[in-house]
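Colleague: File follows, run.txt with compact mmCIF, C-alpha atoms and all ligand atoms:
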# COMPACT_ATOMS: atom_id res chain seq x y z
CA MET A 1 4.90 -68.42 202.15
CA THR A 2 3.36 -66.34 204.95
CA LEU A 3 3.32 -62.67 204.18
CA VAL A 4 3.84 -60.61 207.31
CA SER A 5 3.70 -56.96 206.51
CA THR A 6 4.52 -55.29 209.81
CA ASN A 7 7.97 -54.27 211.00
CA ARG A 8 7.75 -56.66 213.95
CA GLY A 9 6.80 -59.62 211.78
CA LEU A 10 9.53 -58.83 209.28
CA LEU A 11 12.11 -58.53 212.04
CA GLU A 12 11.14 -61.93 213.41
CA ARG A 13 11.36 -63.51 209.98
CA ALA A 14 14.61 -61.72 209.20
CA ARG A 15 16.26 -62.85 212.42
CA ARG A 16 15.52 -66.46 211.55
CA VAL A 17 17.35 -66.33 208.26
CA MET A 18 19.85 -63.45 208.48
CA PRO A 19 22.37 -62.71 211.27
CA GLY A 20 20.70 -60.07 213.44
CA GLY A 21 18.03 -59.76 210.78
CA VAL A 22 20.17 -57.37 208.74
CA SER A 23 22.63 -57.17 205.87
CA SER A 24 24.95 -54.71 207.67
CA PRO A 25 25.35 -54.62 211.47
CA VAL A 26 24.53 -51.00 212.34
CA ARG A 27 21.06 -51.42 210.80
CA ALA A 28 20.10 -53.73 213.69
CA TYR A 29 19.86 -50.76 216.10
CA GLY A 30 22.24 -52.44 218.56
CA ALA A 31 23.70 -49.07 219.61
CA VAL A 32 20.35 -47.40 220.30
CA GLY A 33 18.00 -50.26 221.15
CA GLY A 34 14.54 -50.64 219.77
CA GLU A 35 13.60 -52.22 216.48
CA PRO A 36 14.64 -50.95 213.08
CA PRO A 37 11.90 -49.93 210.69
CA PHE A 38 11.79 -52.07 207.55
CA ILE A 39 11.62 -49.70 204.61
CA VAL A 40 9.29 -50.47 201.73
CA ALA A 41 9.37 -47.22 199.75
CA ALA A 42 11.04 -43.82 199.65
CA ALA A 43 10.79 -40.51 197.84
CA GLY A 44 12.64 -37.26 198.39
CA CYS A 45 13.63 -36.94 202.04
CA HIS A 46 11.05 -39.49 203.23
CA VAL A 47 11.03 -43.23 203.71
CA THR A 48 7.93 -45.33 204.38
CA ASP A 49 8.15 -48.36 206.64
CA ALA A 50 6.25 -51.62 206.53
CA ASP A 51 3.70 -50.28 209.02
CA GLY A 52 2.93 -47.43 206.63
CA ARG A 53 4.71 -44.75 208.68
CA GLU A 54 6.39 -41.97 206.77
CA LEU A 55 9.67 -40.81 208.29
CA ILE A 56 12.07 -38.01 207.44
CA ASP A 57 15.29 -39.82 206.59
CA LEU A 58 18.64 -38.50 207.80
CA VAL A 59 20.48 -41.68 206.88
CA CYS A 60 19.97 -41.35 203.13
CA SER A 61 21.62 -44.72 202.50
CA TRP A 62 24.60 -43.59 204.59
CA GLY A 63 25.27 -40.64 202.36
CA ALA A 64 24.83 -42.20 198.94
CA LEU A 65 21.61 -40.29 198.24
CA ILE A 66 22.71 -36.68 198.05
CA ALA A 67 19.83 -36.01 195.62
CA GLY A 68 17.30 -37.67 197.93
CA HIS A 69 15.37 -40.88 197.37
CA ALA A 70 14.10 -41.79 193.91
CA HIS A 71 15.06 -38.49 192.31
CA PRO A 72 13.14 -38.48 189.00
CA ARG A 73 16.28 -37.85 186.93
CA VAL A 74 18.18 -40.66 188.66
CA VAL A 75 15.25 -43.06 188.36
CA ALA A 76 14.86 -42.19 184.67
CA ALA A 77 18.54 -42.86 184.04
CA ILE A 78 18.35 -46.24 185.79
CA GLU A 79 15.14 -47.20 183.97
CA ALA A 80 16.51 -46.24 180.60
CA GLN A 81 19.69 -48.20 181.20
CA ALA A 82 17.84 -51.23 182.60
CA ARG A 83 15.92 -51.46 179.34
CA ARG A 84 19.24 -51.62 177.51
CA GLY A 85 20.59 -54.29 179.87
CA THR A 86 21.76 -54.44 183.47
CA SER A 87 25.30 -55.78 183.17
CA TYR A 88 27.54 -56.65 180.26
CA GLY A 89 30.89 -57.64 181.74
CA ALA A 90 32.39 -55.49 179.00
CA PRO A 91 33.46 -51.84 178.70
CA THR A 92 30.68 -49.25 178.40
CA PRO A 93 30.55 -45.58 177.42
CA LEU A 94 28.94 -44.82 180.80
CA GLU A 95 32.02 -45.76 182.79
CA VAL A 96 34.18 -43.65 180.49
CA GLU A 97 31.88 -40.71 181.09
CA LEU A 98 31.83 -41.16 184.85
CA ALA A 99 35.61 -41.58 185.02
CA GLU A 100 35.95 -38.38 182.97
CA GLU A 101 33.60 -36.56 185.35
CA ILE A 102 35.60 -37.69 188.38
CA ALA A 103 38.90 -36.75 186.71
CA ALA A 104 37.50 -33.33 185.76
CA SER A 105 36.25 -32.70 189.32
CA VAL A 106 39.07 -34.04 191.49
CA ALA A 107 42.55 -32.75 190.69
CA SER A 108 44.49 -35.80 191.94
CA ALA A 109 42.31 -38.27 190.03
CA GLU A 110 43.91 -38.67 186.62
CA MET A 111 42.81 -42.27 186.16
CA VAL A 112 39.99 -44.15 187.83
CA ARG A 113 39.19 -47.82 188.46
CA PHE A 114 35.59 -48.68 189.34
CA VAL A 115 34.71 -51.39 191.84
CA SER A 116 31.45 -52.29 193.60
CA SER A 117 31.84 -50.90 197.14
CA GLY A 118 33.86 -48.51 199.25
CA THR A 119 35.43 -51.48 201.02
CA GLU A 120 36.71 -52.82 197.73
CA ALA A 121 38.00 -49.38 196.72
CA VAL A 122 40.08 -48.98 199.88
CA MET A 123 41.27 -52.57 199.87
CA SER A 124 42.45 -52.17 196.28
CA ALA A 125 44.02 -48.77 196.99
CA LEU A 126 46.15 -50.34 199.71
CA ARG A 127 47.22 -53.15 197.41
CA LEU A 128 48.29 -50.53 194.91
CA ALA A 129 50.16 -48.55 197.59
CA ARG A 130 51.95 -51.69 198.73
CA ALA A 131 52.90 -52.58 195.20
CA ALA A 132 54.12 -49.06 194.45
CA THR A 133 56.26 -48.79 197.58
CA GLY A 134 57.30 -52.40 198.10
CA ARG A 135 56.27 -51.97 201.75
CA ASP A 136 53.58 -53.67 203.84
CA ALA A 137 52.73 -51.46 206.81
CA VAL A 138 49.87 -49.00 206.81
CA LEU A 139 49.08 -46.14 209.18
CA LYS A 140 45.48 -45.34 209.95
CA PHE A 141 43.73 -43.16 212.48
CA ALA A 142 41.53 -44.37 215.33
CA GLY A 143 37.88 -43.75 214.64
CA CYS A 144 38.28 -43.71 210.86
CA TYR A 145 36.43 -46.51 209.13
CA HIS A 146 37.70 -47.67 205.78
CA GLY A 147 35.45 -50.61 205.08
CA HIS A 148 35.77 -54.13 206.39
CA ALA A 149 38.87 -55.45 204.63
CA ASP A 150 41.07 -57.44 207.04
CA ALA A 151 43.94 -54.95 207.12
CA LEU A 152 41.66 -52.13 208.16
CA LEU A 153 39.80 -53.83 210.97
CA ALA A 154 42.55 -53.05 213.40
CA ARG A 155 42.66 -50.25 215.90
CA ALA A 156 45.01 -48.71 218.42
CA GLY A 157 45.21 -49.15 222.10
CA SER A 158 46.12 -46.05 224.04
CA GLY A 159 49.41 -44.25 223.83
CA ILE A 160 51.26 -42.62 221.00
CA ALA A 161 51.01 -45.60 218.68
CA THR A 162 50.18 -49.22 219.15
CA LEU A 163 50.70 -52.05 216.78
CA GLY A 164 47.32 -53.13 215.55
CA LEU A 165 45.37 -55.92 217.11
CA PRO A 166 42.48 -57.47 215.24
CA ASP A 167 39.26 -55.60 215.90
CA SER A 168 37.11 -58.41 214.56
CA ALA A 169 37.17 -62.14 215.01
CA GLY A 170 38.55 -63.82 211.94
CA VAL A 171 41.16 -61.20 211.09
CA PRO A 172 44.59 -62.87 211.08
CA ALA A 173 46.93 -61.34 213.66
CA SER A 174 49.60 -61.38 210.95
CA VAL A 175 47.49 -59.02 208.84
CA ALA A 176 46.52 -56.73 211.72
CA ARG A 177 50.19 -56.41 212.67
CA ASP A 178 50.80 -54.44 209.50
CA THR A 179 48.31 -51.78 210.53
CA VAL A 180 49.46 -49.09 212.94
CA THR A 181 46.87 -46.77 214.44
CA VAL A 182 47.29 -43.37 216.06
CA ALA A 183 44.80 -40.74 217.22
CA TYR A 184 43.04 -38.69 214.56
CA GLY A 185 44.63 -35.25 214.28
CA ASP A 186 47.87 -36.34 216.01
CA LEU A 187 50.44 -35.33 213.43
CA ASP A 188 53.39 -35.86 215.79
CA ALA A 189 52.34 -39.45 216.41
CA ALA A 190 51.91 -40.04 212.69
CA ALA A 191 55.35 -38.56 211.97
CA HIS A 192 56.85 -40.68 214.74
CA VAL A 193 55.41 -43.89 213.32
CA ALA A 194 56.36 -42.99 209.76
CA GLY A 195 59.93 -42.24 210.87
CA ARG A 196 60.23 -45.61 212.57
CA THR A 197 58.24 -47.92 210.29
CA PRO A 198 58.51 -48.04 206.50
CA LEU A 199 54.90 -47.34 205.55
CA ALA A 200 53.23 -48.19 202.28
CA ALA A 201 50.41 -45.78 203.00
CA ILE A 202 48.99 -43.28 205.40
CA ILE A 203 45.24 -43.57 205.03
CA VAL A 204 42.84 -41.02 206.41
CA GLU A 205 39.30 -39.72 206.10
CA PRO A 206 40.06 -36.05 205.27
CA VAL A 207 36.90 -35.16 207.17
CA ALA A 208 36.08 -38.01 209.52
CA GLY A 209 32.56 -39.31 209.25
CA ASN A 210 32.75 -42.54 211.20
CA MET A 211 33.18 -41.23 214.73
CA GLY A 212 30.53 -38.67 213.99
CA CYS A 213 31.51 -35.62 212.00
CA VAL A 214 35.05 -34.45 212.84
CA VAL A 215 36.65 -31.73 210.74
CA PRO A 216 40.43 -31.68 211.16
CA ASP A 217 42.66 -28.67 211.12
CA ARG A 218 44.05 -28.14 207.65
CA SER A 219 47.57 -28.33 209.11
CA PHE A 220 46.94 -32.00 209.97
CA LEU A 221 46.35 -32.95 206.34
CA VAL A 222 49.13 -30.70 205.05
CA GLY A 223 51.40 -32.28 207.64
CA LEU A 224 50.45 -35.81 206.56
CA ARG A 225 51.32 -34.88 202.98
CA GLU A 226 54.75 -33.72 204.17
CA VAL A 227 55.31 -36.82 206.30
CA ALA A 228 54.36 -39.08 203.41
CA ASP A 229 56.73 -37.23 201.06
CA ARG A 230 59.57 -37.25 203.55
CA THR A 231 59.25 -40.95 204.39
CA GLY A 232 58.38 -42.35 200.98
CA SER A 233 54.87 -43.54 201.77
CA LEU A 234 51.73 -42.78 199.81
CA LEU A 235 48.95 -40.59 201.14
CA VAL A 236 45.52 -42.15 200.64
CA PHE A 237 42.39 -40.06 201.18
CA ASP A 238 39.31 -42.12 201.83
CA GLU A 239 36.65 -39.88 200.34
CA VAL A 240 33.95 -42.55 200.29
CA ILE A 241 31.79 -40.22 202.39
CA THR A 242 33.27 -36.82 201.56
CA GLY A 243 33.70 -37.31 197.81
CA PHE A 244 31.17 -35.15 195.92
CA ARG A 245 29.54 -34.50 199.33
CA VAL A 246 31.50 -31.66 200.93
CA ALA A 247 32.36 -30.25 197.49
CA ARG A 248 32.55 -31.49 193.94
CA SER A 249 36.31 -31.59 194.35
CA GLY A 250 35.97 -33.51 197.62
CA ALA A 251 37.59 -32.65 200.93
CA GLN A 252 40.93 -32.56 199.11
CA GLY A 253 39.62 -29.66 197.04
CA ILE A 254 38.48 -27.76 200.11
CA PHE A 255 41.71 -28.26 202.04
CA GLY A 256 43.95 -27.95 198.99
CA VAL A 257 45.89 -31.12 199.81
CA ARG A 258 46.64 -33.60 197.04
CA PRO A 259 46.64 -37.27 198.02
CA ASP A 260 48.37 -39.94 195.94
CA ILE A 261 45.30 -42.17 195.88
CA SER A 262 41.65 -41.28 196.52
CA CYS A 263 38.83 -43.68 197.29
CA PHE A 264 35.23 -42.99 196.39
CA GLY A 265 31.87 -44.73 196.77
CA LYS A 266 28.32 -43.82 197.73
CA ILE A 267 27.43 -40.63 195.77
CA ILE A 268 29.21 -41.65 192.55
CA GLY A 269 26.80 -44.58 192.32
CA GLY A 270 23.68 -42.52 193.00
CA GLY A 271 22.36 -45.15 195.42
CA LEU A 272 23.53 -48.24 193.55
CA PRO A 273 26.51 -50.37 194.58
CA VAL A 274 29.75 -48.68 193.58
CA GLY A 275 33.26 -47.76 194.57
CA ALA A 276 36.30 -46.33 192.83
CA TYR A 277 39.93 -45.60 193.44
CA ALA A 278 41.89 -43.02 191.55
CA GLY A 279 45.31 -41.46 191.34
CA SER A 280 48.01 -40.26 189.02
CA ARG A 281 48.43 -41.82 185.60
CA GLU A 282 51.79 -43.19 186.72
CA LEU A 283 50.43 -44.87 189.82
CA MET A 284 47.24 -46.18 188.23
CA SER A 285 49.31 -47.67 185.42
CA LEU A 286 50.43 -50.28 187.94
CA VAL A 287 46.87 -51.67 187.94
CA ALA A 288 46.11 -54.69 185.71
CA PRO A 289 45.97 -54.97 182.75
CA LEU A 290 48.53 -52.14 182.43
CA GLY A 291 50.57 -53.28 185.40
CA PRO A 292 51.17 -56.07 187.91
CA VAL A 293 48.54 -55.17 190.56
CA TYR A 294 45.69 -57.59 190.00
CA GLN A 295 42.20 -56.36 190.75
CA ALA A 296 38.97 -57.29 188.97
CA GLY A 297 35.20 -57.54 189.37
CA THR A 298 32.25 -59.17 187.59
CA LEU A 299 29.99 -56.18 188.27
CA SER A 300 32.67 -53.47 188.37
CA GLY A 301 31.56 -50.37 186.51
CA ASN A 302 28.03 -51.75 186.46
CA PRO A 303 26.03 -49.75 183.91
CA LEU A 304 23.07 -49.15 186.23
CA ALA A 305 25.38 -47.74 188.90
CA MET A 306 27.26 -45.68 186.32
CA ALA A 307 24.00 -44.25 184.95
CA ALA A 308 22.71 -43.42 188.45
CA GLY A 309 26.05 -41.87 189.38
CA LEU A 310 26.19 -39.73 186.26
CA ALA A 311 22.61 -38.52 186.74
CA THR A 312 23.44 -37.64 190.35
CA LEU A 313 26.64 -35.75 189.50
CA GLU A 314 24.71 -33.77 186.90
CA LEU A 315 22.56 -32.38 189.71
CA LEU A 316 25.54 -31.30 191.77
CA ASP A 317 26.32 -27.81 190.51
CA GLY A 318 27.40 -24.78 192.52
CA THR A 319 23.82 -23.96 193.44
CA ALA A 320 23.28 -27.46 194.80
CA TYR A 321 26.31 -27.22 197.09
CA ALA A 322 25.28 -23.71 198.23
CA THR A 323 21.82 -25.08 199.08
CA LEU A 324 23.26 -28.02 200.99
CA GLU A 325 25.58 -25.69 202.91
CA ALA A 326 22.77 -23.28 203.81
CA ARG A 327 20.45 -26.07 205.00
CA GLY A 328 23.25 -27.75 206.95
CA ALA A 329 24.14 -24.45 208.63
CA ARG A 330 20.52 -23.83 209.55
CA LEU A 331 20.05 -27.29 211.04
CA GLN A 332 23.32 -26.93 212.97
CA ARG A 333 22.14 -23.60 214.45
CA GLU A 334 18.72 -24.94 215.36
CA LEU A 335 20.05 -28.12 216.95
CA ALA A 336 22.59 -26.17 219.00
CA LEU A 337 19.84 -23.83 220.17
CA ALA A 338 17.51 -26.74 221.01
CA ALA A 339 20.25 -28.47 223.01
CA SER A 340 21.20 -25.37 224.97
CA THR A 341 17.55 -24.55 225.64
CA ALA A 342 17.11 -28.08 227.00
CA GLY A 343 20.20 -27.52 229.16
CA PHE A 344 22.29 -30.28 227.58
CA ALA A 345 26.02 -30.27 227.06
CA ALA A 346 26.13 -30.78 223.33
CA ARG A 347 28.25 -30.04 220.29
CA VAL A 348 26.93 -29.91 216.75
CA GLN A 349 29.80 -30.51 214.33
CA ARG A 350 29.35 -30.10 210.61
CA ALA A 351 30.97 -30.15 207.20
CA GLY A 352 28.43 -28.93 204.65
CA SER A 353 25.56 -31.40 204.59
CA LEU A 354 27.22 -33.83 207.05
CA LEU A 355 26.58 -33.22 210.71
CA THR A 356 26.54 -34.83 214.13
CA LEU A 357 24.96 -33.78 217.41
CA PHE A 358 27.34 -35.06 220.10
CA PHE A 359 26.10 -35.22 223.67
CA THR A 360 29.35 -34.01 225.18
CA ASP A 361 30.76 -30.74 226.45
CA ARG A 362 34.01 -31.03 224.51
CA THR A 363 34.80 -30.21 220.95
CA VAL A 364 35.20 -33.61 219.33
CA LEU A 365 38.60 -33.84 217.68
CA ASN A 366 39.20 -37.58 217.84
CA GLU A 367 37.75 -40.92 218.85
CA GLY A 368 38.46 -40.39 222.54
CA ASP A 369 36.51 -37.13 222.52
CA ALA A 370 33.67 -38.80 220.61
CA GLN A 371 33.55 -41.56 223.22
CA SER A 372 33.06 -39.00 225.96
CA SER A 373 29.55 -38.51 224.54
CA ASP A 374 26.57 -39.70 226.52
CA ARG A 375 25.47 -42.65 224.42
CA GLY A 376 22.51 -43.45 226.64
CA ARG A 377 21.20 -39.95 226.06
CA PHE A 378 21.74 -40.34 222.32
CA ALA A 379 19.78 -43.61 222.36
CA ARG A 380 16.85 -41.93 224.14
CA PHE A 381 17.06 -39.00 221.72
CA HIS A 382 17.11 -41.34 218.73
CA ALA A 383 13.99 -43.16 219.96
CA ALA A 384 12.20 -39.87 220.71
CA MET A 385 13.01 -38.55 217.23
CA LEU A 386 11.76 -41.77 215.64
CA ARG A 387 8.47 -41.46 217.53
CA ARG A 388 8.18 -37.97 216.04
CA GLY A 389 8.79 -39.28 212.54
CA VAL A 390 12.50 -38.49 212.10
CA MET A 391 14.89 -41.36 211.38
CA LEU A 392 18.40 -40.53 212.58
CA PRO A 393 21.41 -42.77 211.99
CA PRO A 394 21.22 -45.32 214.82
CA SER A 395 24.51 -44.45 216.55
CA GLN A 396 26.11 -41.46 218.25
CA PHE A 397 29.17 -42.06 216.08
CA GLU A 398 27.60 -41.49 212.68
CA CYS A 399 26.92 -38.43 210.56
CA TRP A 400 23.46 -37.24 209.71
CA PHE A 401 23.20 -36.90 205.94
CA LEU A 402 21.18 -34.13 204.35
CA SER A 403 20.14 -34.32 200.72
CA LEU A 404 18.89 -31.81 198.20
CA ALA A 405 15.41 -33.07 199.02
CA HIS A 406 15.63 -31.85 202.63
CA ASP A 407 13.97 -28.51 202.00
CA ASP A 408 13.35 -25.73 204.47
CA ASP A 409 10.11 -27.36 205.66
CA ALA A 410 11.93 -30.61 206.38
CA ILE A 411 14.67 -28.77 208.28
CA ALA A 412 12.02 -26.97 210.33
CA THR A 413 10.26 -30.27 211.09
CA ILE A 414 13.54 -31.88 212.15
CA ALA A 415 14.40 -28.90 214.35
CA ASP A 416 10.95 -28.93 215.99
CA ALA A 417 11.20 -32.68 216.59
CA ALA A 418 14.65 -32.21 218.11
CA THR A 419 13.43 -29.44 220.41
CA ALA A 420 10.52 -31.58 221.63
CA SER A 421 12.63 -34.75 221.88
CA LEU A 422 15.37 -33.06 223.89
CA LYS A 423 12.78 -31.65 226.24
CA GLU A 424 11.19 -35.07 226.62
CA ILE A 425 14.38 -36.98 227.40
CA GLY A 426 15.34 -34.24 229.91
C1 LIG A 501 34.96 -43.51 204.83
C2 LIG A 501 34.46 -44.84 204.41
N1 LIG A 501 35.27 -45.67 203.73
C3 LIG A 501 34.85 -46.87 203.29
C4 LIG A 501 33.59 -47.31 203.54
C5 LIG A 501 33.14 -48.64 203.05
O1 LIG A 501 32.23 -48.48 202.03
P1 LIG A 501 31.17 -49.64 201.68
O2 LIG A 501 30.22 -49.68 202.83
O3 LIG A 501 30.56 -49.19 200.39
O4 LIG A 501 31.95 -50.90 201.54
C6 LIG A 501 32.71 -46.50 204.26
C7 LIG A 501 31.34 -46.94 204.55
O5 LIG A 501 30.54 -46.28 205.13
C8 LIG A 501 33.16 -45.23 204.71
O6 LIG A 501 32.36 -44.43 205.42
I'd like the structure from this file rewritten - as structure tokens, please.

Modeller:
Amino acid sequence: MTLVSTNRGLLERARRVMPGGVSSPVRAYGAVGGEPPFIVAAAGCHVTDADGRELIDLVCSWGALIAGHAHPRVVAAIEAQARRGTSYGAPTPLEVELAEEIAASVASAEMVRFVSSGTEAVMSALRLARAATGRDAVLKFAGCYHGHADALLARAGSGIATLGLPDSAGVPASVARDTVTVAYGDLDAAAHVAGRTPLAAIIVEPVAGNMGCVVPDRSFLVGLREVADRTGSLLVFDEVITGFRVARSGAQGIFGVRPDISCFGKIIGGGLPVGAYAGSRELMSLVAPLGPVYQAGTLSGNPLAMAAGLATLELLDGTAYATLEARGARLQRELALAASTAGFAARVQRAGSLLTLFFTDRTVLNEGDAQSSDRGRFARFHAAMLRRGVMLPPSQFECWFLSLAHDDDAIATIADAATASLKEIG
């Protein structure tokens, strides 16, 4: 075996044996150009690439690492568990503890089922919703990503509502037809669809993180709750990003809206593969072995992931969220200032430690607004930041994720890099 240690060499090798050289498409830098750094180590808010460069990381495993990389308490929990075994395929006390933590933190989560990814959590939540309602159709919102299950890879055309067309090759048209998509924030369109089509579920990111950061008006979520109640569908909050990120009680805690089913992932696994769906005792009792909704997994509730998740949640007290809020607010202010000094039309949108710098002059309320952003400018900005040692998510339509390890010095460094990068890309 030839050992090639540089990024370039690794990319060449990777592309020979893995589609695009990556395990998940966005990592290939298709939206921004250039070559992705291959990461060999990480600690705190830094990652080190195969060329030995240290970068400030604002991807943080797409939000999973709210405590930062290799937090000593999380690493210790994983190490200790690994010594006791990595997977049993049997119940463990750790999953009981984590389920209890989730139930204690999130009001609507009376019972929890662990799975291995956010995709699996949402896919299973929809199966449960369909079983509970006896209906097939699902309403989603354009620009919300809910993982790559067939039913959710459908999007709207323009207009008030369009029956879904597959958004990926290989998704059966028959499956996509059951997914209706309307614009994020458009309560009237959602009510219209729900009045016309018997829906199993209305699924939404209660703060959208997959068209960049978009915080809805509370009335949108309250309205969806009312529409779901009036039309007999279930309200599903996909809190895979927002869960334990915007607050311990999730976005549902902040907005005070109670969904029927919640989906989690990322943070509850502390950087290891995880997902979960949760809801009322009555609803979750439909899940096997209590009920007829079959759903299973060899590695579900994996003890390493449970241990990492528990250690992470232990770090997330009131002080931690106050710190994340303060650092997010500071970065938002500094980025907005840097953009206006550079003379760019820009919007910095934020929910706690999630934020996006959009290169557009409009407030971004939905996917259409997000797409008005200057993606070419974002690509140049991304490259300029990388040259200055700051690794942003490689797309205009993603959130930047802060962690507890992004201290004031790191925020200052990011802000300085942004000021210089914006000036450079002029
Ligand atoms: C809101 C949301 N739901 C679901 C998913 C899918 O999670 P996973 O990538 O763990 O399958 C993601 C992934 O980023 C997400 O952001």

Colleague: For ligand LIG 501 (chain A), return the neighbouring residues as a compact mmCIF listing (two decimals) with C-alpha atoms, keeping the file's coordinate frame (distance at most 7 Å; only C-alpha atoms and all ligand atoms).

Modeller:
# COMPACT_ATOMS: atom_id res chain seq x y z
CA TRP A 62 24.60 -43.59 204.59
CA SER A 117 31.84 -50.90 197.14
CA GLY A 118 33.86 -48.51 199.25
CA THR A 119 35.43 -51.48 201.02
CA GLU A 120 36.71 -52.82 197.73
CA VAL A 122 40.08 -48.98 199.88
CA CYS A 144 38.28 -43.71 210.86
CA TYR A 145 36.43 -46.51 209.13
CA HIS A 146 37.70 -47.67 205.78
CA GLY A 147 35.45 -50.61 205.08
CA HIS A 148 35.77 -54.13 206.39
CA GLU A 205 39.30 -39.72 206.10
CA GLY A 209 32.56 -39.31 209.25
CA ASN A 210 32.75 -42.54 211.20
CA ASP A 238 39.31 -42.12 201.83
CA GLU A 239 36.65 -39.88 200.34
CA VAL A 240 33.95 -42.55 200.29
CA ILE A 241 31.79 -40.22 202.39
CA GLY A 265 31.87 -44.73 196.77
CA LYS A 266 28.32 -43.82 197.73
CA VAL A 274 29.75 -48.68 193.58
CA GLY A 275 33.26 -47.76 194.57

Colleague: What's the 9 Å shell around Gln349 in chain A, counting all atoms listed in the file, without same-chain residues fewer than 4 positions away, as a PyMOL selection string?

Modeller: chain A and resi 212-215+332+354-358+363-364

Colleague: Taking only residues of range 190-302 of chain A that have an atom at most 10 Å from an atom of range 315-322 of chain A, what is each one's shortest atom pair and its distance in Å to one decimal, using all atoms listed in the file, in chain and number order, as JSON lines?

Modeller:
{"residue": "A:Phe244", "atom": "CA", "partner": "A:Leu316", "partner_atom": "CA", "distance": 8.0}
{"residue": "A:Arg245", "atom": "CA", "partner": "A:Tyr321", "partner_atom": "CA", "distance": 8.3}
{"residue": "A:Val246", "atom": "CA", "partner": "A:Tyr321", "partner_atom": "CA", "distance": 7.8}
{"residue": "A:Ala247", "atom": "CA", "partner": "A:Tyr321", "partner_atom": "CA", "distance": 6.8}
{"residue": "A:Arg248", "atom": "CA", "partner": "A:Leu316", "partner_atom": "CA", "distance": 7.3}

Colleague: Counting all atoms listed in the file, give me one row per residue of range 143-260 of chain A with an atom at most 6 Å from an atom of range 127-138 of chain A, showing the shortest contact pair and its distance in Å to one decimal, sorted by chain then residue number, as JSON lines.

Modeller:
{"residue": "A:Asp178", "atom": "CA", "partner": "A:Ala137", "partner_atom": "CA", "distance": 4.5}
{"residue": "A:Thr179", "atom": "CA", "partner": "A:Val138", "partner_atom": "CA", "distance": 4.9}
{"residue": "A:Leu199", "atom": "CA", "partner": "A:Ala137", "partner_atom": "CA", "distance": 4.8}
{"residue": "A:Ala200", "atom": "CA", "partner": "A:Arg135", "partner_atom": "CA", "distance": 4.9}
{"residue": "A:Ala201", "atom": "CA", "partner": "A:Val138", "partner_atom": "CA", "distance": 5.0}
{"residue": "A:Ile202", "atom": "CA", "partner": "A:Val138", "partner_atom": "CA", "distance": 6.0}

Colleague: From the list A:Val348, A:Ala121, A:Ala339, A:Cys45, which residue is nearest Glu424 in chain A when using all atoms listed in the file?

Modeller: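 The shortest atom-to-atom distance to Glu424 in chain A comes from A:Ala339.
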